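Shown next, in structure tokens, is the structure this report addresses.
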Amino acid sequence: MAAVNVGDQAPDFNLRSTDGEMVSLSDQRGSNVVLAFFPAAFTGVCQTEMCTFRDSLSSFNDMNSKVFGISVDPPFSQAEFHSQNDLTFPLLSDLGGATVDAYGVSLANLAGIEGYNVAQRSVFVIDANGKVQWSWVSDSPLNEPSYDDVKAAVAAI
């Protein structure tokens with residue numbers, strides 16, 4: 001399945017957050033949204049990425065933007081990862097992978113493990129009306145996004 005394209009209406013979702021609340025994209029209307037899909041909690045590159053978003057959160061807040069991290073990890077694992085890294089934005093659990101599939105960023109058989117499908121590292125910037133304004137999909141789970149490019153994309157909305 002192809003990734004969601006710039007100009008597309010972003011697929012809605014309803015996912016459990018690290019605080020146990022259900023979060024839907026449609027409930028975020030009126031704010032810009034940064035969705036940062038990451039393969040797995042407690043891995044080095046994912047930790048670096050989520051902590052970099054944490055450290056930049058005030059910049060995103062100043063631009064009327066909300067940041068959400070999304071992975072297929074279960075909520076209790078994400079909650080511990082969230083706590084250990086003092087993250088200040090919600091992580092959302094896509095345990096069944098439906099949202100990862102809807103955005104076209106499923107990475108199948110990670111580390112050669114049959115059936116271990118995770119989120120491909122990717123970032124989508126969505127405007128206040130729910131339209132994708134910018135996207136980045138990594139060709140490797142080891143690559144991080146350009147955080148300056150993410151901020152520039154949000155600033156351009």
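Every chain in the structure tokens takes a letter, A first, then B, and so on in the order presented; its residues are numbered from 1, and the ligands are numbered from 1 following the presented order.
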
Taking the backbone alone, and naming residues the way the document does, which bits of stretch 21-147 of chain A are helix (DSSP H, G or I) by DSSP, as a VMD selection string? chain A and resid 26 to 28 44 to 55 57 to 62 75 to 84 98 to 102 110 to 112 147

Skip A:Val4 itself and residues of its chain fewer than 5 positions away, then list as a list in words all residues within 8 Å of it, counting only C-alpha atoms. Ala10, Ala102, Tyr103, Gly104 and Val132 of chain A

Give the strand (DSSP E) residues of chain A, as DSSP finds them on the backbone, and put them as a ChimeraX atom specification. /A:14-17,22-24,32-37,65-71,91-93,106-107,118-119,122-126,132-137

Listing only residues of stretch 27-90 of chain A within 10 Å of stretch 18-23 of chain A, what is the closest atom pair and its distance in Å (to one decimal) for each, using only C-alpha atoms, sorted by chain and residue number ascending, as CSV?
residue,atom,partner,partner_atom,distance
A:Asp27,CA,A:Val23,CA,7.3
A:Gln28,CA,A:Val23,CA,8.6
A:Phe68,CA,A:Val23,CA,9.8
A:Pro74,CA,A:Thr18,CA,9.5
A:Pro75,CA,A:Thr18,CA,5.9
A:Phe76,CA,A:Thr18,CA,7.4
A:Ser77,CA,A:Thr18,CA,8.9
A:Gln78,CA,A:Thr18,CA,6.2
A:Ala79,CA,A:Thr18,CA,4.8
A:Glu80,CA,A:Thr18,CA,8.6
A:Phe81,CA,A:Thr18,CA,9.3
A:His82,CA,A:Thr18,CA,7.3
A:Ser83,CA,A:Thr18,CA,9.2
A:Phe89,CA,A:Thr18,CA,9.2
A:Pro90,CA,A:Thr18,CA,6.0

Env of A:Asn117: 12 Å cut, atoms = only C-alpha atoms, seq-sep filter 5 positions within chain, self excluded. Answer as number ranges by chain. A: 38-40, 71-73, 94-98, 100-101, 105-112

Residues of the last selection are to be written out with C-alpha atoms, as a CSV table (one decimal), in the first residue's frame.
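result.csv written:
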chain,number,residue,atom,x,y,z
A,38,PHE,CA,8.1,4.9,14.8
A,39,PRO,CA,9.0,1.2,14.7
A,40,ALA,CA,9.4,0.2,18.3
A,71,SER,CA,3.7,2.7,17.0
A,72,VAL,CA,2.3,-0.8,17.1
A,73,ASP,CA,3.5,-1.2,20.7
A,94,ASP,CA,-1.8,1.2,17.0
A,95,LEU,CA,-1.7,-2.4,18.3
A,96,GLY,CA,-3.5,-4.0,15.4
A,97,GLY,CA,-1.7,-1.9,12.8
A,98,ALA,CA,-4.8,-0.5,11.1
A,100,VAL,CA,-0.1,2.2,10.0
A,101,ASP,CA,-1.8,0.4,7.1
A,105,VAL,CA,3.7,2.9,6.3
A,106,SER,CA,3.8,-0.8,7.4
A,107,LEU,CA,7.2,-2.3,7.6
A,108,ALA,CA,6.8,-6.1,7.3
A,109,ASN,CA,8.9,-8.8,8.9
A,110,LEU,CA,11.3,-6.4,10.8
A,111,ALA,CA,14.6,-8.0,11.6
A,112,GLY,CA,13.6,-11.0,9.5

Close residues, stretch 50-62 of chain A itself excluded, 12 Å, only C-alpha atoms, min 6 positions apart in chain, as JSON, numbers by chain: {"A": [31, 32, 33, 34, 35, 36, 37, 38, 39, 40, 41, 42, 43, 44, 68, 69, 70, 71, 78, 81, 82, 83, 84, 85, 86, 87, 88, 89, 90, 91, 121, 123, 125, 144, 145, 146, 147, 148, 150, 151, 152, 153, 154, 155]}

Would you pick out the contacts of A:Leu92 at 6 Å or less, using only C-alpha atoms, so that residues sharing its chain but fewer than 6 positions from it are not included, and give the list as a PyMOL selection string? chain A and resi 15-17+70

Go ahead and dump the residues you just picked, all heavy atoms, as a short mmCIF file (atom, residue, chain, number, x, y, z; two decimals), in the first residue's frame.
data_model
loop_
_atom_site.label_atom_id
_atom_site.label_comp_id
_atom_site.auth_asym_id
_atom_site.auth_seq_id
_atom_site.Cartn_x
_atom_site.Cartn_y
_atom_site.Cartn_z
N LEU A 15 -7.14 5.97 18.53
CA LEU A 15 -6.11 5.16 19.18
C LEU A 15 -5.97 5.52 20.65
O LEU A 15 -6.17 6.67 21.04
CB LEU A 15 -4.76 5.38 18.48
CG LEU A 15 -4.70 5.02 16.99
CD1 LEU A 15 -3.36 5.44 16.40
CD2 LEU A 15 -4.94 3.53 16.79
N ARG A 16 -5.58 4.54 21.44
CA ARG A 16 -5.38 4.75 22.88
C ARG A 16 -4.02 5.42 23.12
O ARG A 16 -3.00 5.00 22.59
CB ARG A 16 -5.45 3.43 23.63
CG ARG A 16 -5.44 3.61 25.15
CD ARG A 16 -5.87 2.38 25.90
NE ARG A 16 -7.14 1.83 25.47
CZ ARG A 16 -8.35 2.28 25.78
NH1 ARG A 16 -8.46 3.36 26.54
NH2 ARG A 16 -9.44 1.69 25.36
N SER A 17 -4.04 6.45 23.95
CA SER A 17 -2.81 7.17 24.28
C SER A 17 -2.17 6.60 25.54
O SER A 17 -2.76 5.77 26.23
CB SER A 17 -3.12 8.66 24.49
OG SER A 17 -3.80 8.85 25.72
N ILE A 70 3.32 7.48 17.10
CA ILE A 70 2.47 6.31 16.87
C ILE A 70 3.35 5.10 16.57
O ILE A 70 4.24 5.16 15.72
CB ILE A 70 1.51 6.54 15.68
CG1 ILE A 70 0.59 7.73 15.94
CG2 ILE A 70 0.68 5.27 15.41
CD1 ILE A 70 -0.33 8.08 14.77
#

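For the pair atom CA of A:Gly30 and atom CA of A:Asn129, the interatomic distance is 6.6 Å.
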
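In this structure, atom CA of A:Ser24 sits 26.1 Å away from atom CA of A:Val45.
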
Between atom CA of A:Ser93 and atom CA of A:Ala156, what distance in Å does the model show, to one decimal?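 So the answer is 28.7 Å.
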